[in-house]
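A.B. asks: So here's input_9.tsv (TSV, C-alpha atoms).
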```
chain	number	residue	atom	x	y	z
A	1	MET	CA	0.00	0.00	0.00
A	2	THR	CA	1.26	3.50	-0.85
A	3	GLY	CA	0.37	6.89	0.59
A	4	GLU	CA	0.25	8.18	4.13
A	5	MET	CA	-2.87	7.41	6.13
A	6	THR	CA	-4.20	9.39	9.04
A	7	SER	CA	-3.93	7.71	12.42
A	8	LEU	CA	-7.65	6.97	12.40
A	9	GLU	CA	-7.51	5.44	8.91
A	10	ARG	CA	-4.49	3.38	9.93
A	11	VAL	CA	-6.24	1.98	13.01
A	12	LEU	CA	-9.55	1.31	11.25
A	13	THR	CA	-7.77	-0.54	8.47
A	14	THR	CA	-5.92	-2.81	10.88
A	15	LEU	CA	-9.13	-3.39	12.85
A	16	GLY	CA	-10.58	-4.66	9.58
A	17	HIS	CA	-7.74	-7.22	9.50
A	18	LYS	CA	-6.13	-5.58	6.50
A	19	GLU	CA	-2.70	-4.04	6.17
A	20	PRO	CA	-2.61	-0.22	6.44
A	21	ASP	CA	0.37	1.92	5.37
A	22	ARG	CA	2.21	0.97	8.57
A	23	VAL	CA	1.66	-0.69	11.91
A	24	PRO	CA	-0.30	1.62	14.25
A	25	LEU	CA	1.59	2.63	17.39
A	26	PHE	CA	-0.18	3.37	20.67
A	27	LEU	CA	2.11	4.95	23.27
A	28	LEU	CA	-0.17	4.64	26.28
A	29	VAL	CA	1.41	7.37	28.37
A	30	THR	CA	-0.78	8.68	31.20
A	31	MET	CA	1.88	10.37	33.32
A	32	HIS	CA	4.57	11.68	30.97
A	33	GLY	CA	2.47	14.75	30.13
A	34	ALA	CA	3.24	16.10	33.60
A	35	LYS	CA	6.91	16.30	32.62
A	36	GLU	CA	6.00	18.20	29.47
A	37	LEU	CA	4.12	20.77	31.53
A	38	GLY	CA	6.69	20.92	34.34
A	39	MET	CA	4.18	19.74	36.95
A	40	GLY	CA	3.98	17.14	39.68
A	41	LEU	CA	1.52	14.34	39.00
A	42	GLN	CA	-1.10	15.45	41.52
A	43	GLU	CA	-1.20	18.95	40.06
A	44	TYR	CA	-1.23	17.55	36.54
A	45	PHE	CA	-4.25	15.35	37.22
A	46	SER	CA	-6.13	18.13	39.02
A	47	ARG	CA	-7.45	19.63	35.75
A	48	GLY	CA	-8.65	18.04	32.56
A	49	GLU	CA	-7.04	20.91	30.67
A	50	ASN	CA	-3.61	19.77	31.90
A	51	VAL	CA	-4.14	16.20	30.79
A	52	ALA	CA	-5.38	17.24	27.36
A	53	GLU	CA	-2.43	19.58	26.82
A	54	GLY	CA	-0.02	16.89	27.97
A	55	GLN	CA	-1.50	14.34	25.57
A	56	LEU	CA	-1.38	16.73	22.62
A	57	ARG	CA	2.26	17.61	23.33
A	58	LEU	CA	3.24	13.95	23.66
A	59	ARG	CA	1.64	13.04	20.36
A	60	ALA	CA	3.37	15.96	18.64
A	61	LYS	CA	6.64	14.78	20.17
A	62	TYR	CA	6.47	11.07	19.28
A	63	GLY	CA	4.00	10.91	16.38
A	64	HIS	CA	2.07	7.92	17.69
A	65	ASP	CA	-1.47	7.01	16.67
A	66	CYS	CA	-3.71	7.74	19.66
A	67	LEU	CA	-4.58	10.17	22.42
A	68	TYR	CA	-5.20	8.66	25.87
A	69	GLY	CA	-8.05	10.41	27.62
A	70	ILE	CA	-7.78	8.84	31.07
A	71	LEU	CA	-6.25	10.11	34.31
A	72	TYR	CA	-5.63	7.07	36.52
A	73	ALA	CA	-7.23	3.71	37.29
A	74	ALA	CA	-8.36	4.60	40.81
A	75	LEU	CA	-10.57	7.48	39.70
A	76	GLU	CA	-13.71	5.33	39.73
A	77	VAL	CA	-13.12	4.47	43.38
A	78	GLU	CA	-12.44	8.15	44.04
A	79	ALA	CA	-15.81	8.96	42.43
A	80	TRP	CA	-17.38	6.77	45.11
A	81	GLY	CA	-15.61	8.75	47.82
A	82	GLY	CA	-12.80	6.24	48.27
A	83	GLU	CA	-9.23	7.17	49.14
A	84	VAL	CA	-6.60	7.65	46.45
A	85	ILE	CA	-2.86	7.98	47.02
A	86	PHE	CA	-0.75	10.17	44.74
A	87	ARG	CA	2.93	9.51	44.12
A	88	ASP	CA	5.60	11.75	42.66
A	89	ASP	CA	7.14	8.98	40.55
A	90	GLY	CA	4.38	6.56	39.63
A	91	PRO	CA	0.71	5.85	39.16
A	92	THR	CA	-2.01	7.03	41.49
A	93	ASN	CA	-3.39	4.11	43.50
A	94	SER	CA	-6.45	3.41	45.59
A	95	GLY	CA	-5.97	3.57	49.35
A	96	GLU	CA	-7.95	1.95	52.14
A	97	PRO	CA	-10.77	-0.18	50.66
A	98	MET	CA	-14.01	1.80	50.58
A	99	ILE	CA	-16.06	-1.28	51.56
A	100	GLN	CA	-15.02	-2.40	55.04
A	101	ASP	CA	-18.03	-4.65	55.65
A	102	VAL	CA	-19.47	-6.70	52.79
A	103	GLU	CA	-22.97	-6.01	54.10
A	104	GLN	CA	-22.49	-2.44	52.83
A	105	ILE	CA	-22.94	-3.87	49.35
A	106	ARG	CA	-26.68	-4.30	49.94
A	107	SER	CA	-27.18	-0.52	50.05
A	108	LEU	CA	-24.43	0.49	47.64
A	109	GLU	CA	-25.45	2.78	44.79
A	110	PRO	CA	-23.21	3.91	41.91
A	111	PRO	CA	-21.93	7.49	41.85
A	112	ASP	CA	-23.60	9.93	39.47
A	113	VAL	CA	-21.31	10.34	36.47
A	114	ALA	CA	-22.82	13.74	35.72
A	115	THR	CA	-21.94	15.26	39.10
A	116	SER	CA	-18.64	13.58	40.06
A	117	PRO	CA	-15.76	16.09	40.07
A	118	VAL	CA	-13.04	13.55	39.21
A	119	LEU	CA	-15.05	12.05	36.37
A	120	ALA	CA	-15.80	15.56	35.11
A	121	ARG	CA	-12.05	16.24	34.86
A	122	THR	CA	-11.65	13.20	32.64
A	123	LEU	CA	-14.58	14.18	30.44
A	124	ARG	CA	-13.14	17.68	30.11
A	125	ALA	CA	-9.83	16.23	28.92
A	126	ILE	CA	-11.61	14.11	26.31
A	127	GLU	CA	-13.71	17.06	25.12
A	128	ILE	CA	-10.58	19.17	24.57
A	129	LEU	CA	-8.78	16.34	22.78
A	130	LYS	CA	-11.76	15.94	20.48
A	131	ARG	CA	-11.89	19.68	19.82
A	132	ASP	CA	-8.17	20.12	19.21
A	133	SER	CA	-7.31	17.01	17.21
A	134	ARG	CA	-8.45	15.54	13.93
A	135	ASP	CA	-8.37	12.01	12.61
A	136	VAL	CA	-6.72	10.62	15.75
A	137	PRO	CA	-8.35	7.89	17.88
A	138	ILE	CA	-9.11	9.07	21.42
A	139	VAL	CA	-9.05	6.20	23.89
A	140	GLY	CA	-11.13	6.32	27.06
A	141	ALA	CA	-11.09	3.65	29.75
A	142	VAL	CA	-13.16	1.90	32.41
A	143	MET	CA	-12.36	-0.69	35.02
A	144	SER	CA	-14.46	-3.76	34.37
A	145	PRO	CA	-17.22	-4.39	36.93
A	146	PHE	CA	-15.51	-7.72	37.70
A	147	SER	CA	-12.06	-6.20	38.37
A	148	LEU	CA	-13.03	-2.95	40.13
A	149	PRO	CA	-13.81	-4.73	43.45
A	150	VAL	CA	-10.11	-5.36	44.04
A	151	MET	CA	-9.92	-1.63	44.80
A	152	GLN	CA	-13.34	-1.50	46.47
A	153	LEU	CA	-12.80	-4.43	48.86
A	154	GLY	CA	-9.19	-5.54	48.68
A	155	PHE	CA	-8.08	-8.67	46.85
A	156	GLU	CA	-8.57	-11.31	49.54
A	157	ALA	CA	-11.97	-10.03	50.66
A	158	TYR	CA	-13.13	-9.91	47.06
A	159	LEU	CA	-12.10	-13.48	46.30
A	160	ASP	CA	-13.95	-14.60	49.42
A	161	LEU	CA	-17.02	-12.75	48.14
A	162	VAL	CA	-16.82	-14.37	44.69
A	163	PHE	CA	-16.72	-17.90	46.01
A	164	GLU	CA	-18.59	-17.69	49.31
A	165	ARG	CA	-21.26	-14.96	48.97
A	166	PRO	CA	-22.86	-15.27	45.52
A	167	ASP	CA	-25.80	-13.08	46.57
A	168	LEU	CA	-23.57	-10.16	47.46
A	169	PHE	CA	-21.32	-10.82	44.47
A	170	ASP	CA	-24.31	-10.55	42.12
A	171	ARG	CA	-25.45	-7.35	43.84
A	172	LEU	CA	-21.97	-5.79	43.53
A	173	MET	CA	-21.75	-6.75	39.87
A	174	ALA	CA	-25.14	-5.12	39.19
A	175	VAL	CA	-24.04	-1.86	40.82
A	176	ASN	CA	-20.65	-1.86	39.13
A	177	GLU	CA	-22.14	-2.65	35.74
A	178	GLU	CA	-24.39	0.39	35.99
A	179	LEU	CA	-21.41	2.63	36.72
A	180	CYS	CA	-19.26	1.05	34.03
A	181	VAL	CA	-21.87	1.47	31.31
A	182	ALA	CA	-22.75	5.04	32.29
A	183	TRP	CA	-19.08	6.00	32.58
A	184	ALA	CA	-18.08	4.43	29.27
A	185	ASN	CA	-20.97	6.02	27.41
A	186	ALA	CA	-20.25	9.43	28.95
A	187	GLN	CA	-16.69	9.23	27.62
A	188	LEU	CA	-17.94	8.25	24.18
A	189	ALA	CA	-20.39	11.15	24.22
A	190	ALA	CA	-17.55	13.50	25.18
A	191	GLY	CA	-15.56	12.44	22.13
A	192	ALA	CA	-13.77	9.17	22.87
A	193	THR	CA	-13.43	6.88	19.86
A	194	ALA	CA	-13.20	3.65	21.84
A	195	ILE	CA	-13.13	2.39	25.42
A	196	GLY	CA	-10.41	0.34	27.07
A	197	TYR	CA	-12.16	-2.27	29.22
A	198	PHE	CA	-9.53	-3.13	31.83
A	199	ASP	CA	-10.19	-6.56	33.30
A	200	PRO	CA	-7.06	-8.00	34.94
A	201	VAL	CA	-8.98	-10.25	37.35
A	202	SER	CA	-10.40	-12.14	34.36
A	203	SER	CA	-6.92	-13.08	33.14
A	204	THR	CA	-5.78	-16.66	33.55
A	205	THR	CA	-3.03	-15.27	35.77
A	206	VAL	CA	-5.73	-14.71	38.40
A	207	VAL	CA	-8.65	-17.10	37.73
A	208	THR	CA	-9.02	-20.34	35.83
A	209	PRO	CA	-10.69	-20.35	32.41
A	210	GLN	CA	-13.67	-22.17	33.92
A	211	ALA	CA	-14.01	-19.60	36.70
A	212	TYR	CA	-13.82	-16.85	34.07
A	213	LEU	CA	-16.70	-18.39	32.13
A	214	GLU	CA	-18.84	-18.38	35.27
A	215	THR	CA	-17.96	-14.82	36.34
A	216	GLY	CA	-15.98	-12.24	34.38
A	217	PHE	CA	-17.11	-13.57	31.00
A	218	LYS	CA	-20.80	-13.16	31.82
A	219	VAL	CA	-20.17	-9.72	33.29
A	220	ALA	CA	-18.27	-8.67	30.16
A	221	GLN	CA	-21.00	-9.94	27.85
A	222	ARG	CA	-23.67	-7.97	29.68
A	223	THR	CA	-21.60	-4.83	30.06
A	224	ILE	CA	-19.95	-4.56	26.64
A	225	ALA	CA	-23.32	-5.09	24.94
A	226	ARG	CA	-24.51	-1.82	26.54
A	227	ILE	CA	-21.44	0.28	25.70
A	228	LYS	CA	-22.24	2.42	22.66
A	229	GLY	CA	-18.88	2.13	20.94
A	230	PRO	CA	-15.98	-0.25	20.29
A	231	THR	CA	-14.09	-1.73	23.22
A	232	ALA	CA	-10.59	-3.07	23.77
A	233	THR	CA	-10.31	-5.61	26.57
A	234	HIS	CA	-7.02	-5.34	28.44
A	235	PHE	CA	-5.71	-7.68	31.11
A	236	ALA	CA	-2.97	-5.32	32.33
A	237	SER	CA	-0.11	-7.78	31.79
A	238	GLY	CA	-2.24	-10.81	32.73
A	239	LEU	CA	-2.26	-13.91	30.54
A	240	CYS	CA	-5.18	-14.57	28.20
A	241	ALA	CA	-4.22	-17.31	25.73
A	242	GLY	CA	-6.53	-19.80	27.43
A	243	ILE	CA	-9.66	-17.69	27.04
A	244	LEU	CA	-9.29	-16.11	23.59
A	245	ASP	CA	-12.18	-18.04	22.01
A	246	ASP	CA	-14.45	-16.99	24.87
A	247	LEU	CA	-13.20	-13.42	24.77
A	248	ALA	CA	-14.24	-13.11	21.15
A	249	GLN	CA	-17.82	-13.86	22.27
A	250	THR	CA	-17.97	-10.84	24.60
A	251	GLY	CA	-18.27	-8.37	21.74
A	252	THR	CA	-14.88	-6.75	22.23
A	253	ALA	CA	-12.78	-5.82	19.19
A	254	ILE	CA	-9.24	-5.68	20.60
A	255	VAL	CA	-7.32	-7.62	23.22
A	256	GLY	CA	-4.32	-6.22	25.09
A	257	VAL	CA	-1.80	-9.01	25.58
A	258	SER	CA	1.05	-9.77	27.95
A	259	GLY	CA	4.73	-9.58	27.14
A	260	GLU	CA	5.00	-13.08	28.64
A	261	GLU	CA	2.90	-14.67	25.90
A	262	ASP	CA	3.87	-15.88	22.42
A	263	LEU	CA	2.65	-13.10	20.19
A	264	ALA	CA	2.82	-15.17	17.00
A	265	ALA	CA	0.77	-17.94	18.59
A	266	LEU	CA	-1.81	-15.43	19.80
A	267	LYS	CA	-2.03	-13.95	16.31
A	268	ARG	CA	-2.71	-17.36	14.79
A	269	ALA	CA	-5.41	-17.98	17.38
A	270	VAL	CA	-7.33	-14.73	16.83
A	271	ALA	CA	-6.63	-13.91	13.16
A	272	GLY	CA	-9.72	-12.36	11.63
A	273	LYS	CA	-11.57	-12.30	14.97
A	274	LEU	CA	-9.70	-9.97	17.33
A	275	THR	CA	-7.04	-7.32	16.90
A	276	LEU	CA	-3.99	-7.70	19.13
A	277	LEU	CA	-2.63	-4.76	21.15
A	278	GLY	CA	0.82	-5.15	22.68
A	279	ASN	CA	3.10	-6.48	23.84
A	280	LEU	CA	6.30	-4.51	24.67
A	281	ASN	CA	7.41	-5.05	28.26
A	282	GLY	CA	6.93	-1.75	30.06
A	283	ILE	CA	9.03	-2.79	33.07
A	284	THR	CA	12.17	-3.72	31.16
A	285	MET	CA	11.53	-0.78	28.82
A	286	ARG	CA	12.82	1.52	31.56
A	287	ARG	CA	16.35	0.24	30.93
A	288	TRP	CA	16.34	-0.29	27.16
A	289	SER	CA	18.97	1.19	24.93
A	290	ALA	CA	17.93	2.58	21.55
A	291	ASP	CA	19.24	-0.58	19.89
A	292	GLN	CA	17.28	-2.84	22.23
A	293	ALA	CA	14.11	-0.78	21.70
A	294	GLU	CA	14.51	-1.26	17.96
A	295	ALA	CA	15.07	-5.00	18.37
A	296	GLU	CA	11.99	-5.39	20.59
A	297	VAL	CA	9.81	-3.42	18.16
A	298	LYS	CA	11.09	-5.40	15.21
A	299	ALA	CA	10.40	-8.72	16.94
A	300	ALA	CA	6.86	-7.70	17.91
A	301	ILE	CA	6.08	-6.54	14.38
A	302	ALA	CA	7.43	-9.76	12.90
A	303	ALA	CA	5.25	-11.83	15.23
A	304	GLY	CA	2.01	-9.85	15.22
A	305	ALA	CA	1.77	-7.51	12.26
A	306	PRO	CA	1.52	-9.61	9.05
A	307	GLY	CA	-1.98	-9.33	7.61
A	308	GLY	CA	-3.04	-6.41	9.83
A	309	GLY	CA	-4.98	-6.91	13.02
A	310	PHE	CA	-2.10	-5.65	15.20
A	311	ILE	CA	-1.44	-2.45	17.12
A	312	LEU	CA	1.98	-2.03	18.71
A	313	ALA	CA	1.83	-0.90	22.35
A	314	ASP	CA	3.15	-1.77	25.78
A	315	ASN	CA	1.85	-4.88	27.54
A	316	HIS	CA	0.21	-3.23	30.56
A	317	GLY	CA	-1.89	-0.39	29.16
A	318	GLU	CA	0.20	2.26	30.91
A	319	ILE	CA	3.86	3.03	30.23
A	320	PRO	CA	5.80	3.54	33.47
A	321	PHE	CA	6.75	7.08	34.44
A	322	GLN	CA	10.43	6.06	34.53
A	323	VAL	CA	10.63	5.15	30.83
A	324	PRO	CA	12.85	7.91	29.37
A	325	ASP	CA	12.10	10.06	26.37
A	326	ASP	CA	14.91	8.58	24.29
A	327	VAL	CA	13.40	5.10	24.59
A	328	LEU	CA	9.98	6.35	23.49
A	329	HIS	CA	11.60	8.16	20.56
A	330	ALA	CA	13.44	4.93	19.65
A	331	ILE	CA	10.21	2.90	19.76
A	332	ALA	CA	8.46	5.41	17.51
A	333	ALA	CA	11.37	5.56	15.05
A	334	ALA	CA	11.65	1.78	14.91
A	335	THR	CA	7.92	1.46	14.23
A	336	ARG	CA	8.18	3.88	11.34
A	337	ARG	CA	11.20	2.01	9.97
A	338	TRP	CA	10.13	-1.63	10.39
A	339	GLY	CA	6.34	-1.29	10.46
A	340	ARG	CA	5.86	-0.06	6.91
A	341	TYR	CA	3.65	-2.40	4.87
A	342	PRO	CA	4.28	-4.57	2.97
A	343	LEU	CA	6.69	-6.11	5.46
A	344	ASP	CA	9.15	-7.16	2.76
A	345	TRP	CA	12.05	-7.44	5.21
A	346	LEU	CA	10.40	-10.51	6.76
A	347	ASP	CA	11.09	-12.45	3.57
A	348	ALA	CA	14.61	-11.13	3.05
```
Take the structure in this file and express it as structure tokens.
C.D. replies:
Amino acid sequence: MTGEMTSLERVLTTLGHKEPDRVPLFLLVTMHGAKELGMGLQEYFSRGENVAEGQLRLRAKYGHDCLYGILYAALEVEAWGGEVIFRDDGPTNSGEPMIQDVEQIRSLEPPDVATSPVLARTLRAIEILKRDSRDVPIVGAVMSPFSLPVMQLGFEAYLDLVFERPDLFDRLMAVNEELCVAWANAQLAAGATAIGYFDPVSSTTVVTPQAYLETGFKVAQRTIARIKGPTATHFASGLCAGILDDLAQTGTAIVGVSGEEDLAALKRAVAGKLTLLGNLNGITMRRWSADQAEAEVKAAIAAGAPGGGFILADNHGEIPFQVPDDVLHAIAAATRRWGRYPLDWLDA
């Protein structure tokens, strides 16, 4: 194929399992914009205007194919009034679990998306990105109803709930599904092109494939069916090879895959059904040289890109704050060099 596509054309072509002009690159950087604006992370996330400006500067700097309209994963818990903990050198995390007694679940009601200050900041960022960019996918995000309880309850208490209190589990899923759907659709209405559905608890790293079919799979089917736009299911570095056939039945279009999985094998398993997103290791990326970055990009493209249906990205859905600019520049340059279709160098 000849001619330069826009980022949106490039992504839509690969989602159609065809080869665009080159492999799309998603640099999923949530925190690096603070460096561009000379701010600490808490100040940066305090206004949607900051996040939008940071995203626009980062895309101008690296030339990647998306804008990332989210602040941090714990914002949905914050919308409920839960504690969040800011760091100077890493992602914002949830604090003390907001549900201390599982009986609270009986009276739990989802926060109002329209009146939540932290959700409003995210929507403002997306609105500005939509206004100030053209032909670039804007990615929003939600925590899946099945994975959010890790922050609401704590991991051990949640697993106890799943297996020992099915009545309260079903009630929590109902509440979380209402928030997830309302929150995803609000982001789409604000200008997001697609929604990242983050579901690490559904990965086979955490639950068995059979347990997934009985829990996270059913939740995903119900929830994704009500989201009014395309979704990308991401397991945040968790393994998913054992549930790919089931995942395709949830209605999702893209799957974010782990750096610990065989990308070529995953591509053979989902060809024509799901688009792969991944799978550069964000942890080791912090210490890559430019040559290693190029080698990692080249290997990922060789494994996942032939025939389309592949977007190059990190394996977690969030590039660590410590990954330096020169590594991100090297990843972008290597994608432009080795990701140009047709991939003739593979046959050389």
A.B. asks: Between A:Met5, A:Ile138, A:Ala73, A:Leu168, which has the minimum distance to A:Gly191 (counting only C-alpha atoms)?
C.D. replies: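 Distance minimum relative to A:Gly191 lands on A:Ile138.
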A.B. asks: Enter the distance from atom CA of A:Ala332 to atom CA of A:Gly16, in Å, rounded to one decimal.
C.D. replies: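 About the pair atom CA of A:Ala332 and atom CA of A:Gly16: they are 23.0 Å apart.
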A.B. asks: Which neighbours of A:Ile85 fall inside 12 Å, counting all atoms listed in the file, when residues of the same chain fewer than 2 positions from it are skipped, and could you give them as a list of chain:residue names?
C.D. replies: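 Here the qualifying residues turn out to be A:Leu41, A:Gln42, A:Tyr72, A:Ala73, A:Ala74, A:Leu75, A:Val77, A:Glu78, A:Gly82, A:Glu83, A:Arg87, A:Asp88, A:Asp89, A:Gly90, A:Pro91, A:Thr92, A:Asn93, A:Ser94, A:Gly95, A:Glu96, A:Pro97.
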A.B. asks: Taking C-alpha atoms for each residue, export the selection above as a compact mmCIF listing (two decimals), in the coordinates of the input.
C.D. replies:
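The resulting file, selection-v1.txt, is shown below:
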```
# COMPACT_ATOMS: atom_id res chain seq x y z
CA LEU A 41 1.52 14.34 39.00
CA GLN A 42 -1.10 15.45 41.52
CA TYR A 72 -5.63 7.07 36.52
CA ALA A 73 -7.23 3.71 37.29
CA ALA A 74 -8.36 4.60 40.81
CA LEU A 75 -10.57 7.48 39.70
CA VAL A 77 -13.12 4.47 43.38
CA GLU A 78 -12.44 8.15 44.04
CA GLY A 82 -12.80 6.24 48.27
CA GLU A 83 -9.23 7.17 49.14
CA ARG A 87 2.93 9.51 44.12
CA ASP A 88 5.60 11.75 42.66
CA ASP A 89 7.14 8.98 40.55
CA GLY A 90 4.38 6.56 39.63
CA PRO A 91 0.71 5.85 39.16
CA THR A 92 -2.01 7.03 41.49
CA ASN A 93 -3.39 4.11 43.50
CA SER A 94 -6.45 3.41 45.59
CA GLY A 95 -5.97 3.57 49.35
CA GLU A 96 -7.95 1.95 52.14
CA PRO A 97 -10.77 -0.18 50.66
```
A.B. asks: Can you tell me, as a list of chain:residue names, what residues are no more than 7 Å from stretch 325-327 of chain A when counting all atoms listed in the file, ignoring any on the same chain fewer than 3 positions away?
C.D. replies: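 Here the qualifying residues turn out to be A:Trp288, A:Ser289, A:Ala290, A:Ala293, A:Ala330, A:Ile331.
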A.B. asks: With stretch 179-186 of chain A as the partner and 9 Å as the cut-off, tabulate the residues of stretch 58-145 of chain A that qualify, each row holding the nearest pair of atoms and their distance in Å to one decimal, using only C-alpha atoms, sorted by chain and rising number, as JSON lines.
C.D. replies:
```
{"residue": "A:Glu76", "atom": "CA", "partner": "A:Leu179", "partner_atom": "CA", "distance": 8.7}
{"residue": "A:Pro110", "atom": "CA", "partner": "A:Leu179", "partner_atom": "CA", "distance": 5.6}
{"residue": "A:Pro111", "atom": "CA", "partner": "A:Leu179", "partner_atom": "CA", "distance": 7.1}
{"residue": "A:Asp112", "atom": "CA", "partner": "A:Leu179", "partner_atom": "CA", "distance": 8.1}
{"residue": "A:Val113", "atom": "CA", "partner": "A:Trp183", "partner_atom": "CA", "distance": 6.2}
{"residue": "A:Ala114", "atom": "CA", "partner": "A:Ala186", "partner_atom": "CA", "distance": 8.4}
{"residue": "A:Leu119", "atom": "CA", "partner": "A:Trp183", "partner_atom": "CA", "distance": 8.2}
{"residue": "A:Leu123", "atom": "CA", "partner": "A:Ala186", "partner_atom": "CA", "distance": 7.5}
{"residue": "A:Gly140", "atom": "CA", "partner": "A:Ala184", "partner_atom": "CA", "distance": 7.5}
{"residue": "A:Ala141", "atom": "CA", "partner": "A:Ala184", "partner_atom": "CA", "distance": 7.0}
{"residue": "A:Val142", "atom": "CA", "partner": "A:Ala184", "partner_atom": "CA", "distance": 6.4}
{"residue": "A:Met143", "atom": "CA", "partner": "A:Cys180", "partner_atom": "CA", "distance": 7.2}
{"residue": "A:Ser144", "atom": "CA", "partner": "A:Cys180", "partner_atom": "CA", "distance": 6.8}
{"residue": "A:Pro145", "atom": "CA", "partner": "A:Cys180", "partner_atom": "CA", "distance": 6.5}
```
A.B. asks: Might you pull out every residue within 10 Å of A:Arg106, with all atoms listed in the file counted and same-chain residues fewer than 4 positions away left off, and present them as a list in words?
C.D. replies: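 What passes the distance filter is Val102, Asp167, Leu168, Arg171, Leu172 and Val175 of chain A.
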A.B. asks: Might you pull out every residue within 12 Å of A:Leu343, with only C-alpha atoms counted and same-chain residues fewer than 2 positions away left off, and present them as a ChimeraX atom specification?
C.D. replies: /A:1,19-23,298,301-308,335-341,345-348
A.B. asks: Mind giving me the straight-line distance from atom CA of A:Glu36 to atom CA of A:Ile283 in Å, one decimal?
C.D. replies: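 Spanning atom CA of A:Glu36 to atom CA of A:Ile283 is a straight-line distance of 21.5 Å.
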A.B. asks: Record the distance separating atom CA of A:Glu214 and atom CA of A:Gly238, expressed in Å with one decimal.
C.D. replies: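 So the answer is 18.4 Å.
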A.B. asks: Counting all atoms listed in the file, which residues of stretch 253-281 of chain A sit at most 8 Å from some atom of stretch 217-236 of chain A, and what is each one's closest atom pair with its distance in Å to one decimal, listed by chain and rising residue number, as CSV?
C.D. replies:
```
residue,atom,partner,partner_atom,distance
A:Ala253,CA,A:Ala232,CA,5.8
A:Ile254,CA,A:Ala232,CA,4.3
A:Val255,CA,A:Thr233,CA,4.9
A:Gly256,CA,A:His234,CA,4.4
A:Val257,CA,A:Phe235,CA,6.9
A:Ser258,CA,A:Ala236,CA,7.4
```
A.B. asks: Near A:Leu8, within 9 Å and counting only C-alpha atoms, which residues show up once chain neighbours fewer than 6 positions away are dropped, as a list in words?
C.D. replies: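 So, after excluding close chain neighbours, the residues are Asp65, Cys66, Arg134, Asp135, Val136 and Pro137 of chain A.
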A.B. asks: Limited to C-alpha atoms, could you put the picked residues into a file as a compact mmCIF listing (two decimals), in the coordinates of the input?
C.D. replies:
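As written to disk, selection00.txt reads:
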```
# COMPACT_ATOMS: atom_id res chain seq x y z
CA ASP A 65 -1.47 7.01 16.67
CA CYS A 66 -3.71 7.74 19.66
CA ARG A 134 -8.45 15.54 13.93
CA ASP A 135 -8.37 12.01 12.61
CA VAL A 136 -6.72 10.62 15.75
CA PRO A 137 -8.35 7.89 17.88
```
A.B. asks: Of the candidates A:Leu148, A:Lys267, A:Ser202, A:Asp262, which one gets nearest to A:Leu247 if we count all atoms listed in the file?
C.D. replies: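 Closest to A:Leu247 of all the choices is A:Ser202.
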A.B. asks: I'd like to know which of A:Val150, A:Val11, A:Ile105, A:Val207 is closest to A:Phe169, using all atoms listed in the file.
C.D. replies: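 Using all atoms listed in the file, A:Phe169 sits closest to A:Ile105.
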A.B. asks: For a quick check of understanding, using all atoms listed in the file, which of A:Val84, A:Ser133, A:Leu67, A:Leu153 has the smallest distance to A:Glu103?
C.D. replies: A:Leu153
A.B. asks: Listed atoms of stretch 306-310 of chain A, axis-aligned box, 8 Å per side: centre and edge lengths to one decimal in Å, as AutoDock Vina command-line options?
C.D. replies:
```
--center_x -1.7 --center_y -7.6 --center_z 11.4 --size_x 22.5 --size_y 20.0 --size_z 23.6
```
A.B. asks: Residues around (-2.4, -14.5, 31.5), cut-off 8 Å, counting only C-alpha atoms - what are they as a list in words?
C.D. replies: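 With a cut-off of 8 Å, the residues come to Ser203, Thr204, Thr205, Val206, Phe235, Ser237, Gly238, Leu239, Cys240, Ala241, Gly242, Ser258 and Glu261 of chain A.
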A.B. asks: Given the choices A:Arg287, A:Arg57, A:His316, A:Arg121, which gets closest to A:Gly33 if the distance is worked out from all atoms listed in the file?
C.D. replies: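 Distance minimum relative to A:Gly33 lands on A:Arg57.
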A.B. asks: Go through A:Asn176, A:Gln292, A:Asn281, A:Gln104 one by one, measure the shortest atom-to-atom distance of each to A:Gly317 using all atoms listed in the file, and give the residue with the smallest value.
C.D. replies: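 Checking each candidate against A:Gly317, we get A:Asn281 as the closest.
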